[in-house]
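Chemist: For reference, this is target-v2.pdb, and it has PDB, C-alpha atoms and all ligand atoms.
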ATOM      1  CA  LYS B  10      20.231  80.419 195.077
ATOM      2  CA  VAL B  11      22.000  82.214 197.948
ATOM      3  CA  LYS B  12      25.767  82.482 197.767
ATOM      4  CA  ALA B  13      28.061  80.274 199.833
ATOM      5  CA  LYS B  14      30.256  81.880 202.472
ATOM      6  CA  ILE B  15      32.943  79.694 203.946
ATOM      7  CA  ALA B  16      34.060  81.004 207.316
ATOM      8  CA  PRO B  17      36.948  79.281 209.098
ATOM      9  CA  SER B  18      36.555  79.645 212.860
ATOM     10  CA  MET B  19      39.736  81.296 214.069
ATOM     11  CA  LEU B  20      39.104  79.778 217.506
ATOM     12  CA  SER B  21      40.887  76.709 216.145
ATOM     13  CA  SER B  22      43.859  78.731 214.923
ATOM     14  CA  ASP B  23      47.077  79.517 216.751
ATOM     15  CA  PHE B  24      46.171  82.819 218.404
ATOM     16  CA  ALA B  25      49.865  83.639 218.824
ATOM     17  CA  ASN B  26      50.046  83.775 215.024
ATOM     18  CA  LEU B  27      46.597  85.135 214.312
ATOM     19  CA  ALA B  28      47.523  87.437 211.427
ATOM     20  CA  SER B  29      49.370  84.767 209.480
ATOM     21  CA  GLU B  30      46.724  82.133 210.232
ATOM     22  CA  ALA B  31      44.089  84.534 208.915
ATOM     23  CA  GLU B  32      46.100  85.340 205.800
ATOM     24  CA  LYS B  33      46.557  81.638 205.128
ATOM     25  CA  MET B  34      42.820  80.983 205.324
ATOM     26  CA  LEU B  35      42.124  83.779 202.852
ATOM     27  CA  GLN B  36      44.720  82.415 200.468
ATOM     28  CA  PHE B  37      43.046  79.035 200.820
ATOM     29  CA  GLY B  38      39.816  80.583 199.582
ATOM     30  CA  ALA B  39      37.922  81.514 202.750
ATOM     31  CA  ASP B  40      35.241  84.189 202.277
ATOM     32  CA  TRP B  41      34.917  85.279 205.899
ATOM     33  CA  LEU B  42      36.875  84.855 209.105
ATOM     34  CA  HIS B  43      34.641  83.678 211.941
ATOM     35  CA  MET B  44      35.646  85.318 215.223
ATOM     36  CA  ASP B  45      34.267  83.779 218.426
ATOM     37  CA  ILE B  46      33.898  86.370 221.146
ATOM     38  CA  MET B  47      33.102  84.865 224.549
ATOM     39  CA  ASP B  48      32.793  86.601 227.908
ATOM     40  CA  GLY B  49      33.168  83.695 230.342
ATOM     41  CA  HIS B  50      29.589  84.319 231.458
ATOM     42  CA  PHE B  51      27.199  83.583 228.617
ATOM     43  CA  VAL B  52      29.364  80.525 227.932
ATOM     44  CA  PRO B  53      31.905  78.818 230.203
ATOM     45  CA  ASN B  54      34.898  79.947 228.163
ATOM     46  CA  LEU B  55      36.770  83.171 227.568
ATOM     47  CA  THR B  56      38.313  84.067 224.233
ATOM     48  CA  ILE B  57      38.965  87.343 222.497
ATOM     49  CA  GLY B  58      37.420  90.784 222.412
ATOM     50  CA  PRO B  59      37.575  94.088 220.539
ATOM     51  CA  THR B  60      41.314  94.568 221.191
ATOM     52  CA  VAL B  61      42.244  91.470 219.247
ATOM     53  CA  ILE B  62      39.729  92.263 216.505
ATOM     54  CA  GLN B  63      41.393  95.657 216.137
ATOM     55  CA  SER B  64      44.861  94.129 215.870
ATOM     56  CA  LEU B  65      43.676  91.725 213.214
ATOM     57  CA  ARG B  66      41.904  94.499 211.320
ATOM     58  CA  GLN B  67      45.196  96.389 211.119
ATOM     59  CA  ARG B  68      46.672  93.430 209.276
ATOM     60  CA  SER B  69      43.745  92.261 207.179
ATOM     61  CA  ARG B  70      40.898  93.585 205.073
ATOM     62  CA  ALA B  71      38.886  90.381 205.491
ATOM     63  CA  TYR B  72      35.222  90.255 206.443
ATOM     64  CA  LEU B  73      35.315  89.602 210.195
ATOM     65  CA  ASP B  74      32.214  87.589 211.078
ATOM     66  CA  CYS B  75      31.938  88.168 214.824
ATOM     67  CA  HIS B  76      29.874  85.717 216.889
ATOM     68  CA  LEU B  77      29.121  87.224 220.265
ATOM     69  CA  MET B  78      28.641  84.662 222.998
ATOM     70  CA  VAL B  79      28.226  87.393 225.576
ATOM     71  CA  THR B  80      25.532  88.314 228.081
ATOM     72  CA  ASN B  81      25.431  92.008 227.181
ATOM     73  CA  PRO B  82      25.851  92.384 223.413
ATOM     74  CA  MET B  83      24.834  96.054 223.511
ATOM     75  CA  ASP B  84      28.043  96.864 225.428
ATOM     76  CA  TYR B  85      30.106  95.557 222.517
ATOM     77  CA  VAL B  86      28.482  97.393 219.621
ATOM     78  CA  LYS B  87      30.634 100.524 219.794
ATOM     79  CA  PRO B  88      33.922  98.869 220.754
ATOM     80  CA  LEU B  89      33.586  96.241 218.048
ATOM     81  CA  SER B  90      32.601  98.650 215.313
ATOM     82  CA  LYS B  91      35.559 100.868 216.224
ATOM     83  CA  ALA B  92      37.769  97.801 216.160
ATOM     84  CA  GLY B  93      36.681  97.081 212.595
ATOM     85  CA  ALA B  94      34.280  94.163 212.923
ATOM     86  CA  SER B  95      32.162  93.425 209.836
ATOM     87  CA  GLY B  96      29.355  91.212 211.095
ATOM     88  CA  PHE B  97      27.857  91.350 214.585
ATOM     89  CA  THR B  98      25.877  88.248 215.524
ATOM     90  CA  PHE B  99      24.353  88.245 219.019
ATOM     91  CA  HIS B 100      22.453  85.464 220.790
ATOM     92  CA  VAL B 101      18.668  85.547 221.100
ATOM     93  CA  GLU B 102      18.882  83.962 224.594
ATOM     94  CA  VAL B 103      20.237  87.125 226.213
ATOM     95  CA  SER B 104      17.770  89.346 228.002
ATOM     96  CA  GLN B 105      17.169  92.308 225.788
ATOM     97  CA  GLU B 106      14.130  94.497 226.157
ATOM     98  CA  ASN B 107      14.363  96.099 222.788
ATOM     99  CA  TRP B 108      15.725  94.025 219.936
ATOM    100  CA  GLN B 109      14.981  96.745 217.446
ATOM    101  CA  ASP B 110      17.192  99.139 219.346
ATOM    102  CA  LEU B 111      20.097  96.676 219.360
ATOM    103  CA  ILE B 112      19.758  95.821 215.664
ATOM    104  CA  GLN B 113      19.487  99.468 214.747
ATOM    105  CA  LYS B 114      22.623 100.393 216.696
ATOM    106  CA  ILE B 115      24.559  97.607 214.983
ATOM    107  CA  LYS B 116      23.449  98.850 211.566
ATOM    108  CA  GLU B 117      24.146 102.482 212.363
ATOM    109  CA  THR B 118      27.781 101.645 213.039
ATOM    110  CA  GLY B 119      28.037  99.976 209.645
ATOM    111  CA  MET B 120      28.159  96.377 210.830
ATOM    112  CA  ARG B 121      25.889  93.627 209.563
ATOM    113  CA  PRO B 122      23.451  92.390 212.236
ATOM    114  CA  GLY B 123      22.818  88.695 212.804
ATOM    115  CA  VAL B 124      21.105  86.596 215.454
ATOM    116  CA  ALA B 125      22.284  83.237 216.795
ATOM    117  CA  LEU B 126      20.428  80.558 218.667
ATOM    118  CA  LYS B 127      21.579  77.709 220.893
ATOM    119  CA  PRO B 128      20.510  74.115 220.218
ATOM    120  CA  GLY B 129      17.789  74.219 222.895
ATOM    121  CA  THR B 130      16.165  77.396 221.609
ATOM    122  CA  PRO B 131      13.100  77.084 219.353
ATOM    123  CA  ILE B 132      13.480  78.635 215.918
ATOM    124  CA  GLU B 133      10.283  80.694 216.310
ATOM    125  CA  GLN B 134      12.198  83.012 218.648
ATOM    126  CA  VAL B 135      14.153  84.550 215.795
ATOM    127  CA  PHE B 136      11.194  85.172 213.452
ATOM    128  CA  PRO B 137      10.355  88.617 214.885
ATOM    129  CA  LEU B 138      13.955  89.709 214.425
ATOM    130  CA  VAL B 139      14.046  88.601 210.793
ATOM    131  CA  GLU B 140      10.728  90.327 210.153
ATOM    132  CA  ALA B 141      11.474  93.512 212.087
ATOM    133  CA  GLU B 142      11.389  96.882 210.399
ATOM    134  CA  VAL B 143      15.178  96.936 210.654
ATOM    135  CA  PRO B 144      15.852  93.205 210.400
ATOM    136  CA  VAL B 145      18.806  90.984 211.173
ATOM    137  CA  GLU B 146      20.491  89.936 207.942
ATOM    138  CA  MET B 147      21.667  86.526 209.054
ATOM    139  CA  VAL B 148      20.513  83.750 211.372
ATOM    140  CA  LEU B 149      23.188  81.539 212.938
ATOM    141  CA  VAL B 150      21.861  78.113 213.859
ATOM    142  CA  MET B 151      24.234  76.570 216.422
ATOM    143  CA  THR B 152      24.857  72.903 215.731
ATOM    144  CA  VAL B 153      26.744  72.367 219.019
ATOM    145  CA  GLU B 154      26.442  73.949 222.455
ATOM    146  CA  PRO B 155      28.377  77.212 222.149
ATOM    147  CA  GLY B 156      31.642  77.558 224.032
ATOM    148  CA  PHE B 157      34.188  75.252 222.467
ATOM    149  CA  GLY B 158      35.485  74.027 219.141
ATOM    150  CA  GLY B 159      35.833  70.372 218.245
ATOM    151  CA  GLN B 160      32.392  69.131 219.320
ATOM    152  CA  GLU B 161      30.084  66.809 217.443
ATOM    153  CA  PHE B 162      27.558  68.172 214.913
ATOM    154  CA  MET B 163      23.893  67.870 215.961
ATOM    155  CA  PRO B 164      21.908  66.800 212.856
ATOM    156  CA  GLU B 165      18.581  67.453 214.638
ATOM    157  CA  MET B 166      19.267  71.170 214.184
ATOM    158  CA  MET B 167      18.670  70.839 210.449
ATOM    159  CA  ASP B 168      14.922  71.053 211.086
ATOM    160  CA  LYS B 169      15.506  74.667 212.120
ATOM    161  CA  VAL B 170      17.519  75.359 208.978
ATOM    162  CA  ARG B 171      14.805  73.858 206.761
ATOM    163  CA  VAL B 172      12.081  75.915 208.421
ATOM    164  CA  LEU B 173      14.124  79.098 207.974
ATOM    165  CA  ARG B 174      15.019  78.385 204.349
ATOM    166  CA  LYS B 175      11.400  77.709 203.464
ATOM    167  CA  LYS B 176      10.185  80.864 205.159
ATOM    168  CA  TYR B 177      13.012  83.151 204.014
ATOM    169  CA  PRO B 178      14.374  82.044 200.611
ATOM    170  CA  SER B 179      17.090  84.712 200.393
ATOM    171  CA  LEU B 180      18.189  84.899 204.036
ATOM    172  CA  ASP B 181      21.794  84.164 204.998
ATOM    173  CA  ILE B 182      21.640  81.053 207.184
ATOM    174  CA  GLU B 183      24.837  80.171 209.017
ATOM    175  CA  VAL B 184      25.633  76.896 210.739
ATOM    176  CA  ASP B 185      28.350  76.632 213.363
ATOM    177  CA  GLY B 186      29.711  73.606 215.188
ATOM    178  CA  GLY B 187      31.017  70.281 213.975
ATOM    179  CA  LEU B 188      30.884  71.198 210.274
ATOM    180  CA  GLY B 189      33.291  69.431 207.951
ATOM    181  CA  PRO B 190      33.421  67.047 204.996
ATOM    182  CA  LYS B 191      31.286  64.486 206.853
ATOM    183  CA  THR B 192      28.477  66.823 207.860
ATOM    184  CA  ILE B 193      28.368  69.465 205.127
ATOM    185  CA  ASP B 194      25.940  67.650 202.856
ATOM    186  CA  VAL B 195      23.090  67.481 205.356
ATOM    187  CA  ALA B 196      23.648  71.127 206.278
ATOM    188  CA  ALA B 197      23.801  72.294 202.677
ATOM    189  CA  SER B 198      20.749  70.358 201.577
ATOM    190  CA  ALA B 199      18.783  71.707 204.544
ATOM    191  CA  GLY B 200      19.524  75.181 203.173
ATOM    192  CA  ALA B 201      22.512  76.548 205.088
ATOM    193  CA  ASN B 202      24.750  78.795 202.972
ATOM    194  CA  CYS B 203      27.198  80.283 205.467
ATOM    195  CA  ILE B 204      29.440  77.566 206.818
ATOM    196  CA  VAL B 205      31.611  77.974 209.895
ATOM    197  CA  ALA B 206      34.271  75.317 210.348
ATOM    198  CA  GLY B 207      37.053  75.292 212.900
ATOM    199  CA  SER B 208      38.704  71.989 213.678
ATOM    200  CA  SER B 209      37.825  70.326 210.358
ATOM    201  CA  ILE B 210      39.798  73.009 208.503
ATOM    202  CA  PHE B 211      42.639  73.689 210.920
ATOM    203  CA  LYS B 212      43.355  70.049 211.694
ATOM    204  CA  ALA B 213      43.248  68.993 208.060
ATOM    205  CA  LEU B 214      46.381  68.012 206.191
ATOM    206  CA  LYS B 215      45.097  70.056 203.284
ATOM    207  CA  PRO B 216      42.885  72.861 204.601
ATOM    208  CA  GLN B 217      42.508  74.302 201.124
ATOM    209  CA  GLU B 218      40.802  71.133 199.932
ATOM    210  CA  VAL B 219      38.398  71.171 202.871
ATOM    211  CA  ILE B 220      37.433  74.762 202.094
ATOM    212  CA  SER B 221      36.765  74.020 198.431
ATOM    213  CA  LEU B 222      34.841  70.862 199.306
ATOM    214  CA  LEU B 223      32.610  72.815 201.696
ATOM    215  CA  ARG B 224      31.987  75.411 199.002
ATOM    216  CA  LYS B 225      31.150  72.803 196.380
ATOM    217  CA  SER B 226      28.602  71.121 198.649
ATOM    218  CA  VAL B 227      26.787  74.406 199.230
ATOM    219  CA  GLU B 228      26.885  75.588 195.625
ATOM    220  CA  GLU B 229      25.870  72.337 193.963
TER     221      GLU B 229
HETATM  222  C1  LIG E 301      31.658  77.308 219.342
HETATM  223  C2  LIG E 301      32.015  78.319 218.300
HETATM  224  C3  LIG E 301      32.398  77.744 217.000
HETATM  225  C4  LIG E 301      33.573  76.788 217.034
HETATM  226  C5  LIG E 301      33.393  75.819 215.924
HETATM  227  O1  LIG E 301      31.146  77.991 220.439
HETATM  228  O2  LIG E 301      30.884  79.147 218.074
HETATM  229  O3  LIG E 301      32.605  78.775 216.048
HETATM  230  O4  LIG E 301      34.821  77.406 216.926
HETATM  231  O5  LIG E 301      34.408  74.878 215.957
HETATM  232  P1  LIG E 301      34.249  73.448 215.244
HETATM  233  O6  LIG E 301      34.082  73.688 213.783
HETATM  234  O7  LIG E 301      35.538  72.776 215.599
HETATM  235  O8  LIG E 301      33.053  72.772 215.856
HETATM  236 ZN    ZN E 302      31.026  80.608 216.429
END
Go ahead and render the structure in this file as structure tokens.
Modeler:
Amino acid sequence: KVKAKIAPSMLSSDFANLASEAEKMLQFGADWLHMDIMDGHFVPNLTIGPTVIQSLRQRSRAYLDCHLMVTNPMDYVKPLSKAGASGFTFHVEVSQENWQDLIQKIKETGMRPGVALKPGTPIEQVFPLVEAEVPVEMVLVMTVEPGFGGQEFMPEMMDKVRVLRKKYPSLDIEVDGGLGPKTIDVAASAGANCIVAGSSIFKALKPQEVISLLRKSVEE
């Protein structure tokens, strides 16, 4: 079975205290820190970019799982790798003539390439990227419309996860949006192993317990 990765979405953290929020999540048992990078164009919200990733990297050795909700992911490959990003997950909905070129550039800089898809995008669109000569190493199935934390999980998206898990038994499959104690079981049994959770962790009285519960559901 593929290993569980629990990735708190730092979008729900207090950005004015990012380093200590990050440290806290790691102490609570998080595997990755999920960093939502938005450009105000691909999605109607604006968050952080390479500068903030670099500041965080100076304070933490954590795996920074960057989710790029941007129209031109290629423009961010160099800046983000210099900043110290670990994973680079771009959206399949952006217009990109040469996926192989993008994936290759991400890999060359030492980051781990991933592809994300919005709820309305058919799963078939990511197959060529998973099967490419230089493939993406993770598929992120969005379970809300990208742009904001705190939205409701869309269980219909689990069909995509099941299809992926059946086709690619050892692929990292990440789910993002509305994950928490109430929704983890459907996601885990569909085959997701990388779990992003923002509000359910940060708003919890005991975030540590939420993180270990999420892990248990995936690993059982
Ligand atoms: C939404 C982001 C998510 C978001 C998840 O565009 O990609 O990572 O922060 O937040 P929750 O877990 O609150 O839905
Ligand atoms: Zn995200």
Chemist: For a cutoff of 12 Å around the file-coordinate point (38.7, 102.0, 218.9), which residues qualify once you count all atoms listed in the file? I'd like the result as a list in words.
Modeler: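 Applying the cut-off with all atoms listed in the file, one gets Gly58, Pro59, Thr60, Val61, Ile62, Gln63, Ser64, Arg66, Gln67, Tyr85, Val86, Lys87, Pro88, Leu89, Ser90, Lys91, Ala92, Gly93 and Ala94 of chain B.
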Chemist: Considering all atoms listed in the file, can you say which of B:Ala16, B:Leu111, B:Val103, B:Ile46 comes closest to Ala71 (chain B)?
Modeler: B:Ala16
Chemist: If you apply the PyMOL selection byres (((chain B and resi 158) around 8) and not hetatm) to this file, what residues do you get, as a tab-separated table (two decimals) with C-alpha atoms, in the frame of the given file?
Modeler:
chain	number	residue	atom	x	y	z
B	20	LEU	CA	39.10	79.78	217.51
B	21	SER	CA	40.89	76.71	216.14
B	156	GLY	CA	31.64	77.56	224.03
B	157	PHE	CA	34.19	75.25	222.47
B	159	GLY	CA	35.83	70.37	218.24
B	160	GLN	CA	32.39	69.13	219.32
B	186	GLY	CA	29.71	73.61	215.19
B	187	GLY	CA	31.02	70.28	213.98
B	207	GLY	CA	37.05	75.29	212.90
B	208	SER	CA	38.70	71.99	213.68
Chemist: Can you work out the spacing between CA of Asp185 (chain B) and CA of Asp110 (chain B) in Å, to one decimal?
Modeler: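 Taking CA of Asp185 (chain B) and CA of Asp110 (chain B), their separation equals 25.8 Å.
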Chemist: Can you list what the PyMOL selection byres (((chain B and resi 124) around 7) and not hetatm) grabs from this structure, as a PyMOL selection string?
Modeler: chain B and resi 98-101+123+125-126+145+147-149
Chemist: So what do you get for CA of Val11 (chain B) versus CA of Tyr72 (chain B), distance-wise?
Modeler: 17.7 Å
Chemist: Could you list, with a cut-off of 7 Å and counting only C-alpha atoms and all ligand atoms, the residues of chain B near ligand ZN 302 (chain E), each shown with its nearest atom pair and the distance in Å rounded to one decimal, rows sorted by chain and ascending number, as a Markdown table?
Modeler:
| residue | atom | partner | partner_atom | distance |
| --- | --- | --- | --- | --- |
| B:Ser18 | CA | E:ZN302 | ZN | 6.7 |
| B:His43 | CA | E:ZN302 | ZN | 6.5 |
| B:Met44 | CA | E:ZN302 | ZN | 6.7 |
| B:Asp45 | CA | E:ZN302 | ZN | 5.0 |
| B:His76 | CA | E:ZN302 | ZN | 5.3 |
| B:Asp185 | CA | E:ZN302 | ZN | 5.7 |
Chemist: For the selection you just gave me, I'd like the residues written to a file as a PDB file, in the coordinates of the input, keeping C-alpha atoms.
Modeler:
ATOM      1  CA  SER B  18      36.555  79.645 212.860  1.00  0.00           C
ATOM      2  CA  HIS B  43      34.641  83.678 211.941  1.00  0.00           C
ATOM      3  CA  MET B  44      35.646  85.318 215.223  1.00  0.00           C
ATOM      4  CA  ASP B  45      34.267  83.779 218.426  1.00  0.00           C
ATOM      5  CA  HIS B  76      29.874  85.717 216.889  1.00  0.00           C
ATOM      6  CA  ASP B 185      28.350  76.632 213.363  1.00  0.00           C
TER       7      ASP B 185
END
Chemist: List, as a list in words, every residue that the PyMOL selection byres (((chain B and resi 172) around 12) and not hetatm) selects in the file provided.
Modeler: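 When the PyMOL selection byres (((chain B and resi 172) around 12) and not hetatm) is applied to the shown file, the picked residues are Pro131, Ile132, Glu133, Val135, Phe136, Val148, Val150, Met166, Met167, Asp168, Lys169, Val170, Arg171, Leu173, Arg174, Lys175, Lys176, Tyr177, Pro178, Leu180, Ile182, Ala199, Gly200 and Ala201 of chain B.
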Chemist: Those residues with C-alpha atoms, as a PDB file, in the coordinates of the input please?
Modeler:
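Full text of again.pdb as output:
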ATOM      1  CA  PRO B 131      13.100  77.084 219.353  1.00  0.00           C
ATOM      2  CA  ILE B 132      13.480  78.635 215.918  1.00  0.00           C
ATOM      3  CA  GLU B 133      10.283  80.694 216.310  1.00  0.00           C
ATOM      4  CA  VAL B 135      14.153  84.550 215.795  1.00  0.00           C
ATOM      5  CA  PHE B 136      11.194  85.172 213.452  1.00  0.00           C
ATOM      6  CA  VAL B 148      20.513  83.750 211.372  1.00  0.00           C
ATOM      7  CA  VAL B 150      21.861  78.113 213.859  1.00  0.00           C
ATOM      8  CA  MET B 166      19.267  71.170 214.184  1.00  0.00           C
ATOM      9  CA  MET B 167      18.670  70.839 210.449  1.00  0.00           C
ATOM     10  CA  ASP B 168      14.922  71.053 211.086  1.00  0.00           C
ATOM     11  CA  LYS B 169      15.506  74.667 212.120  1.00  0.00           C
ATOM     12  CA  VAL B 170      17.519  75.359 208.978  1.00  0.00           C
ATOM     13  CA  ARG B 171      14.805  73.858 206.761  1.00  0.00           C
ATOM     14  CA  LEU B 173      14.124  79.098 207.974  1.00  0.00           C
ATOM     15  CA  ARG B 174      15.019  78.385 204.349  1.00  0.00           C
ATOM     16  CA  LYS B 175      11.400  77.709 203.464  1.00  0.00           C
ATOM     17  CA  LYS B 176      10.185  80.864 205.159  1.00  0.00           C
ATOM     18  CA  TYR B 177      13.012  83.151 204.014  1.00  0.00           C
ATOM     19  CA  PRO B 178      14.374  82.044 200.611  1.00  0.00           C
ATOM     20  CA  LEU B 180      18.189  84.899 204.036  1.00  0.00           C
ATOM     21  CA  ILE B 182      21.640  81.053 207.184  1.00  0.00           C
ATOM     22  CA  ALA B 199      18.783  71.707 204.544  1.00  0.00           C
ATOM     23  CA  GLY B 200      19.524  75.181 203.173  1.00  0.00           C
ATOM     24  CA  ALA B 201      22.512  76.548 205.088  1.00  0.00           C
TER      25      ALA B 201
END
Chemist: Expressed in Å to a single decimal, how great is the separation between CA of Val205 (chain B) and atom O2 of ligand LIG 301 (chain E)?
Modeler: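 Pair CA of Val205 (chain B) / atom O2 of ligand LIG 301 (chain E) returns 8.3 Å.
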Chemist: Here is a test: counting only C-alpha atoms, which residue of B:Asp48, B:Glu142, B:Glu218, B:Asp181 is nearest to Asp84 (chain B)?
Modeler: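 When distances to Asp84 (chain B) are compared using only C-alpha atoms, the smallest one comes from B:Asp48.
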Chemist: Go ahead and fit an axis-aligned box to every listed atom of region 146-159 of chain B plus 3 Å each side, and pass me the centre and edge lengths in Å, one decimal, as lines of an AutoDock Vina configuration file.
Modeler:
center_x = 28.2
center_y = 80.2
center_z = 216.0
size_x = 21.3
size_y = 25.6
size_z = 22.1
Chemist: Choose the residue, out of B:Pro17, B:Pro144, B:Pro82, B:Gly96, that has the smallest atom-to-atom separation from Phe37 (chain B); count all atoms listed in the file.
Modeler: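 The answer is B:Pro17, which sits nearest to Phe37 (chain B).
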Chemist: Set the distance at 9 Å and use all atoms listed in the file: which residues neighbour Ala31 (chain B) once local chain neighbours fewer than 6 positions away are removed? I'd like the list as an mmCIF file with C-alpha atoms, keeping the file's coordinate frame.
Modeler:
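Result saved to result25.cif:
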data_model
loop_
_atom_site.group_PDB
_atom_site.id
_atom_site.type_symbol
_atom_site.label_atom_id
_atom_site.label_comp_id
_atom_site.auth_asym_id
_atom_site.auth_seq_id
_atom_site.Cartn_x
_atom_site.Cartn_y
_atom_site.Cartn_z
ATOM 1 C CA PRO B 17 36.948 79.281 209.098
ATOM 2 C CA MET B 19 39.736 81.296 214.069
ATOM 3 C CA SER B 22 43.859 78.731 214.923
ATOM 4 C CA LEU B 42 36.875 84.855 209.105
ATOM 5 C CA LEU B 65 43.676 91.725 213.214
ATOM 6 C CA SER B 69 43.745 92.261 207.179
ATOM 7 C CA ALA B 71 38.886 90.381 205.491
#
Chemist: For Leu223 (chain B), list every protein, DNA or RNA residue within 7 Å, evaluated using all atoms listed in the file, and leave out those in the same chain fewer than 3 positions away; present the list as a list in words.
Modeler: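 Counting all atoms listed in the file, the residues come to Pro190, Ile193, Val219, Ile220, Ser226 and Val227 of chain B.
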Chemist: Using all atoms listed in the file, which of B:Gln134, B:Gln105, B:Ser209, B:Ser198 sits nearest ligand LIG 301 (chain E)?
Modeler: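 Smallest distance to ligand LIG 301 (chain E) is found for B:Ser209.
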Chemist: Using only C-alpha atoms and all ligand atoms, find the one residue out of B:Leu35, B:Ile115, B:Leu55, B:Val195 that sits nearest to ligand LIG 301 (chain E).
Modeler: B:Leu55
